Amino acid sequence: MIGSFVIRMARLLFAIAMAALLLQPAWAQESSADEEAATEAELTTARGTQSGYEDMPEFGGPEAVSSQLKKNDEEREFIYQFDSLQRGLAPYFDWKRSINDEHGLSMGFSYYMLYQQTSDSLANRDDDALGSIFRYQGNWTLFRRDNGNLGRIEWRVESRSNIGGFQAPGSLGGAVGVAALAPGFAYSDNFDLDLAIINWTQGFSDGTAGFAVGRLGFDVYLDAFPFQTFSKGFINRSFILNPTMPTTGIGALGAVVKGFVSDNVWIGAQMHDANAASGDFDFDTVQEGEWLKAVEVGYTPSFAQRKTNLVQFTYWEKDARSLAGVSKGSGWAVSAAWQVSDRTFPFVRFGHSDGGGGVAAEDAISAGVQFTRQKDEIWTIGAGWANPSDETFGPGADNETVLETSYKFQLSKNFSLTPDVQVIFNPANNPDESSVWVFGLRGILTL
């Protein structure tokens with residue numbers, strides 16, 4: 001088992017290294033060929049963004065449609081310059097800029113691919129996984145006032161799946177016996193192509209408050225947190241979504257309202273259909289009248305720092321799901337992040353639940369730090385611990401601990417590659433193993 005694992009990982013690393021060595025001369029030649037002329041890519045760089053989304057108001061966490069569009073549109077410091085490719089894409093980004101300027105319509109594509117290989121798995125279970133996430137998302141701003149108030153429609157077409165007969169990374173935790181700290185949590189294999197998000201988002205109070213109603217992504221608003229995203233360095237659930245928090249389907253019917261009540265303090269409330277299923281455009285589940293509800297309060301030094309310097313408290317309740325046979329649950333979570341410099345961004349979050357509502361853990365804590373070498377080239381390292389829910393996984397499950405580190409390389413303006421290493425101690429459903437290593441490689445393409 002170990003020998004086969006080492007051989008497979010060596011082949012993977014060798015293939016990556018050879019690809020880089022073979023392509024680097026071509027990249028260098030292409031980059032130098034056009035040094036004398038000002039290309040469209042250079043003109044775009046001078047403007048600061050690719051399609052002019054830098055002033056887009058945001059509502060929700062980093063997985064919000066508006067936040068993703070704004071982040072993906074940023075100019076980036078990258079390793080290799082593909083001049084001909086950037087010239088070819090320049091008309092596309094200029095077209096996006098023009099329809100945004102003329103019609104208030106913004107859009108973009110993103111594609112995530114993750115391969116993971118473990119050092120061990122349960123009997124008759126695969127020890128590797130390959131999956132993807134596809135998104136086409138956008139918003140249409142129908143009106144926008146000078147004071148920041150606006151009204152817009154947001155949408156996201158999304159699918160998540162396994163690739164090429166591999167299991168999806170979202171199933172890898174079960175294959176290695178991990179309960180609460182899933183190593184590839186977001187990459188499921190049962191998320192069919194769906195209009196997962198379609199909602200009306202309204203800003204008011206000079207842009208310091210807002211609400212959204214329609215089909216929502218619960219993770220956009222519930223305990224929204226700077227690292228609660230698939231686009232940074234972390235992949236394990238311990239860092240992406242607090243294991244003591246409940247989930248529901250992406251695309252749950254619901255409503256959320258949040259706003260600042262002073263210069264430093266905001267409050268919020270939300271509710272989502274507790275029976276929604278990701279990848280299933282079905283409104284009938286709301287007829288069950290079972291909801292995931294939450295309230296929150298947070299502090300930040302200023303409105304402008306609300307995304308980087310914050311402390312927030314969330315209390316939640318989830319109704320019993322009668323048809324699914326899942327009991328009701330409740331709990332709370334505290335999340336704090338404080339960017340201490342342009343290059344250093346530490347965080348800590350912890351939570352507690354009564355174990356109901358289908359949660360993964362009764363208690364959990366995680367902490368870590370992101371170091372930025374240059375814009376969009378980041379090193380992350382973190383540690384997490386969780387006490388798996390007795391109701392979800394059965395009594396007596398061992399506490400699990402994870403260490404994770406990754407390095408995100410921005411290879412080109414629109415493509416990044418992230419090697420990732422996790423070690424999970426005491427996997428609750430695999431008592432024969434004291435630890436399991438998970439090696440991953442993730443690519444992200446944004447257009």
# chains A, B, ... in the order shown; residues from 1 in each chain; ligands from 1
>>> select_by_dssp(residues="region 287-432 of chain A", states="alpha helix (DSSP H)", output="number ranges by chain")
A: 390-393
>>> write_last_selection(atoms="N, CA and C atoms", output="PDB file, in the first residue's frame")
ATOM      1  N   ASP A 390     -22.027  12.718  18.046  1.00  0.00           N
ATOM      2  CA  ASP A 390     -22.494  11.365  18.366  1.00  0.00           C
ATOM      3  C   ASP A 390     -23.754  11.028  17.586  1.00  0.00           C
ATOM      4  N   GLU A 391     -24.617  12.029  17.396  1.00  0.00           N
ATOM      5  CA  GLU A 391     -25.884  11.769  16.708  1.00  0.00           C
ATOM      6  C   GLU A 391     -25.657  11.482  15.230  1.00  0.00           C
ATOM      7  N   THR A 392     -24.681  12.135  14.619  1.00  0.00           N
ATOM      8  CA  THR A 392     -24.428  11.953  13.193  1.00  0.00           C
ATOM      9  C   THR A 392     -23.576  10.726  12.908  1.00  0.00           C
ATOM     10  N   PHE A 393     -22.548  10.470  13.730  1.00  0.00           N
ATOM     11  CA  PHE A 393     -21.590   9.407  13.443  1.00  0.00           C
ATOM     12  C   PHE A 393     -21.619   8.259  14.455  1.00  0.00           C
TER      13      PHE A 393
END
>>> residues_around(residues="region 211-217 of chain A", least_positions_apart="6", cutoff="6 Å", atoms="only C-alpha atoms", output="JSON, numbers by chain")
{"A": [197, 198, 199, 200, 201, 202, 250, 251, 252, 253, 254, 255, 256, 257]}
>>> write_last_selection(atoms="N, CA and C atoms", output="short mmCIF file (atom, residue, chain, number, x, y, z; two decimals), in the first residue's frame")
data_model
loop_
_atom_site.label_atom_id
_atom_site.label_comp_id
_atom_site.auth_asym_id
_atom_site.auth_seq_id
_atom_site.Cartn_x
_atom_site.Cartn_y
_atom_site.Cartn_z
N ILE A 197 -28.16 29.59 -7.90
CA ILE A 197 -28.44 30.87 -7.23
C ILE A 197 -29.18 31.77 -8.19
N ILE A 198 -30.30 32.29 -7.74
CA ILE A 198 -31.04 33.32 -8.46
C ILE A 198 -31.79 34.12 -7.41
N ASN A 199 -31.39 35.36 -7.22
CA ASN A 199 -32.00 36.14 -6.14
C ASN A 199 -31.97 37.63 -6.45
N TRP A 200 -32.76 38.36 -5.70
CA TRP A 200 -32.75 39.81 -5.73
C TRP A 200 -31.94 40.30 -4.52
N THR A 201 -30.94 41.12 -4.78
CA THR A 201 -30.11 41.71 -3.73
C THR A 201 -30.33 43.22 -3.72
N GLN A 202 -30.63 43.74 -2.57
CA GLN A 202 -30.95 45.16 -2.41
C GLN A 202 -30.03 45.80 -1.38
N ILE A 250 -27.16 24.04 -1.70
CA ILE A 250 -26.88 25.29 -2.40
C ILE A 250 -28.06 25.55 -3.33
N GLY A 251 -28.69 26.70 -3.17
CA GLY A 251 -29.91 26.99 -3.91
C GLY A 251 -31.15 26.87 -3.06
N ALA A 252 -30.99 26.90 -1.74
CA ALA A 252 -32.14 26.86 -0.85
C ALA A 252 -32.92 28.17 -0.94
N LEU A 253 -34.24 28.07 -0.98
CA LEU A 253 -35.05 29.28 -0.90
C LEU A 253 -34.85 29.91 0.48
N GLY A 254 -34.66 31.22 0.49
CA GLY A 254 -34.42 31.86 1.78
C GLY A 254 -34.32 33.36 1.66
N ALA A 255 -33.97 33.97 2.77
CA ALA A 255 -33.81 35.42 2.83
C ALA A 255 -32.78 35.75 3.89
N VAL A 256 -32.04 36.84 3.67
CA VAL A 256 -31.03 37.28 4.61
C VAL A 256 -31.02 38.80 4.62
N VAL A 257 -30.81 39.37 5.80
CA VAL A 257 -30.66 40.81 5.93
C VAL A 257 -29.52 41.08 6.89
#
>>> closest_residue(among="A:Thr118, A:Ile79, A:Ser238, A:Ala224", to="Ser435 (chain A)", atoms="only C-alpha atoms")
A:Thr118
>>> residues_around(residues="Phe345 (chain A)", least_positions_apart="6", cutoff="12 Å", atoms="only C-alpha atoms", output="PyMOL selection string")
chain A and resi 226-227+232+307-310+336-339+367-373+378-382
>>> select_by_dssp(residues="region 328-423 of chain A", states="strand (DSSP E)", output="number ranges by chain")
A: 329-338, 344-353, 361-374, 377-388, 400-412, 415-423
>>> write_last_selection(atoms="C-alpha atoms", output="mmCIF file, in the first residue's frame")
data_model
loop_
_atom_site.group_PDB
_atom_site.id
_atom_site.type_symbol
_atom_site.label_atom_id
_atom_site.label_comp_id
_atom_site.auth_asym_id
_atom_site.auth_seq_id
_atom_site.Cartn_x
_atom_site.Cartn_y
_atom_site.Cartn_z
ATOM 1 C CA GLY A 329 -30.242 21.169 16.388
ATOM 2 C CA SER A 330 -28.765 24.414 17.612
ATOM 3 C CA GLY A 331 -25.372 25.924 18.323
ATOM 4 C CA TRP A 332 -23.105 28.912 18.049
ATOM 5 C CA ALA A 333 -19.832 29.925 16.442
ATOM 6 C CA VAL A 334 -17.224 32.650 16.857
ATOM 7 C CA SER A 335 -14.939 33.657 13.984
ATOM 8 C CA ALA A 336 -12.150 36.233 14.058
ATOM 9 C CA ALA A 337 -9.658 37.369 11.428
ATOM 10 C CA TRP A 338 -7.256 40.285 11.592
ATOM 11 C CA THR A 344 0.218 38.372 7.133
ATOM 12 C CA PHE A 345 -3.420 37.389 7.731
ATOM 13 C CA PRO A 346 -4.111 35.203 10.828
ATOM 14 C CA PHE A 347 -7.493 33.838 11.912
ATOM 15 C CA VAL A 348 -9.194 31.690 14.525
ATOM 16 C CA ARG A 349 -12.696 30.241 14.696
ATOM 17 C CA PHE A 350 -14.481 27.888 17.061
ATOM 18 C CA GLY A 351 -17.972 26.599 17.617
ATOM 19 C CA HIS A 352 -20.267 24.394 19.673
ATOM 20 C CA SER A 353 -23.453 22.520 18.841
ATOM 21 C CA ALA A 361 -19.141 18.055 15.067
ATOM 22 C CA GLU A 362 -20.264 19.036 18.533
ATOM 23 C CA ASP A 363 -17.152 21.118 19.213
ATOM 24 C CA ALA A 364 -14.501 22.430 16.855
ATOM 25 C CA ILE A 365 -11.675 24.938 16.705
ATOM 26 C CA SER A 366 -9.299 25.961 13.947
ATOM 27 C CA ALA A 367 -6.589 28.564 13.532
ATOM 28 C CA GLY A 368 -4.112 29.474 10.866
ATOM 29 C CA VAL A 369 -2.347 32.168 8.939
ATOM 30 C CA GLN A 370 -1.997 33.232 5.336
ATOM 31 C CA PHE A 371 1.317 34.665 4.176
ATOM 32 C CA THR A 372 1.315 36.603 0.919
ATOM 33 C CA ARG A 373 4.585 36.595 -0.992
ATOM 34 C CA GLN A 374 3.094 38.746 -3.699
ATOM 35 C CA GLU A 377 0.863 33.944 -4.504
ATOM 36 C CA ILE A 378 0.140 32.777 -0.987
ATOM 37 C CA TRP A 379 1.271 30.232 1.576
ATOM 38 C CA THR A 380 -1.283 29.015 4.105
ATOM 39 C CA ILE A 381 -0.815 26.865 7.175
ATOM 40 C CA GLY A 382 -3.419 25.892 9.766
ATOM 41 C CA ALA A 383 -4.509 23.422 12.414
ATOM 42 C CA GLY A 384 -7.988 22.229 13.302
ATOM 43 C CA TRP A 385 -9.638 19.964 15.859
ATOM 44 C CA ALA A 386 -13.163 18.545 16.041
ATOM 45 C CA ASN A 387 -15.249 16.324 18.290
ATOM 46 C CA PRO A 388 -17.524 14.405 15.865
ATOM 47 C CA GLU A 400 -9.973 14.355 14.967
ATOM 48 C CA THR A 401 -7.122 16.796 14.331
ATOM 49 C CA VAL A 402 -5.858 18.147 11.021
ATOM 50 C CA LEU A 403 -2.757 20.030 9.942
ATOM 51 C CA GLU A 404 -2.857 21.566 6.475
ATOM 52 C CA THR A 405 -0.472 23.640 4.412
ATOM 53 C CA SER A 406 -0.538 24.776 0.799
ATOM 54 C CA TYR A 407 1.147 27.167 -1.599
ATOM 55 C CA LYS A 408 -0.849 28.898 -4.322
ATOM 56 C CA PHE A 409 1.119 29.725 -7.483
ATOM 57 C CA GLN A 410 -0.455 32.239 -9.859
ATOM 58 C CA LEU A 411 0.980 30.700 -13.019
ATOM 59 C CA SER A 412 -0.794 33.086 -15.381
ATOM 60 C CA PHE A 415 -4.864 30.268 -13.845
ATOM 61 C CA SER A 416 -3.459 29.214 -10.477
ATOM 62 C CA LEU A 417 -2.055 25.919 -9.201
ATOM 63 C CA THR A 418 -2.047 24.936 -5.532
ATOM 64 C CA PRO A 419 -0.176 21.922 -4.099
ATOM 65 C CA ASP A 420 -1.729 20.971 -0.754
ATOM 66 C CA VAL A 421 -0.738 18.614 2.069
ATOM 67 C CA GLN A 422 -2.974 17.485 4.948
ATOM 68 C CA VAL A 423 -2.373 15.066 7.787
#
>>> closest_residue(among="A:Gly184, A:Gly151, A:Pro246, A:Gly177", to="Leu114 (chain A)", atoms="only C-alpha atoms")
A:Gly184
>>> closest_atom_pairs(of="region 145-222 of chain A", to="region 57-62 of chain A", cutoff="10 Å", atoms="only C-alpha atoms", output="CSV")
residue,atom,partner,partner_atom,distance
A:Gly148,CA,A:Pro57,CA,7.7
A:Asn149,CA,A:Pro57,CA,9.2
A:Leu150,CA,A:Pro57,CA,8.7
A:Thr201,CA,A:Phe59,CA,8.0
A:Gln202,CA,A:Phe59,CA,9.0
A:Gly203,CA,A:Phe59,CA,8.2
A:Gly207,CA,A:Pro57,CA,7.9
A:Thr208,CA,A:Phe59,CA,9.4
A:Ala209,CA,A:Phe59,CA,8.4
A:Gly210,CA,A:Phe59,CA,7.1
A:Phe211,CA,A:Phe59,CA,8.2
A:Ala212,CA,A:Phe59,CA,8.6
A:Gly217,CA,A:Gly60,CA,9.9
A:Phe218,CA,A:Gly60,CA,9.9
A:Asp219,CA,A:Gly61,CA,7.9
A:Val220,CA,A:Gly61,CA,5.0
A:Tyr221,CA,A:Gly60,CA,5.3
A:Leu222,CA,A:Gly61,CA,8.6
>>> closest_residue(among="A:Ser341, A:Lys328, A:Val176, A:Gly52", to="Phe425 (chain A)", atoms="only C-alpha atoms")
A:Val176
>>> closest_residue(among="A:Tyr187, A:Glu63, A:Leu172, A:Val157", to="Ala129 (chain A)", atoms="only C-alpha atoms")
A:Leu172
>>> closest_residue(among="A:Ser262, A:Trp437, A:Gly233, A:Leu181", to="Val359 (chain A)", atoms="only C-alpha atoms")
A:Leu181
>>> residues_around(residues="Glu288 (chain A)", least_positions_apart="5", cutoff="12 Å", atoms="only C-alpha atoms", output="PyMOL selection string")
chain A and resi 273-276+283+319-324
>>> closest_residue(among="A:Ala360, A:Val326, A:Val178, A:Val261", to="Leu122 (chain A)", atoms="only C-alpha atoms")
A:Val178
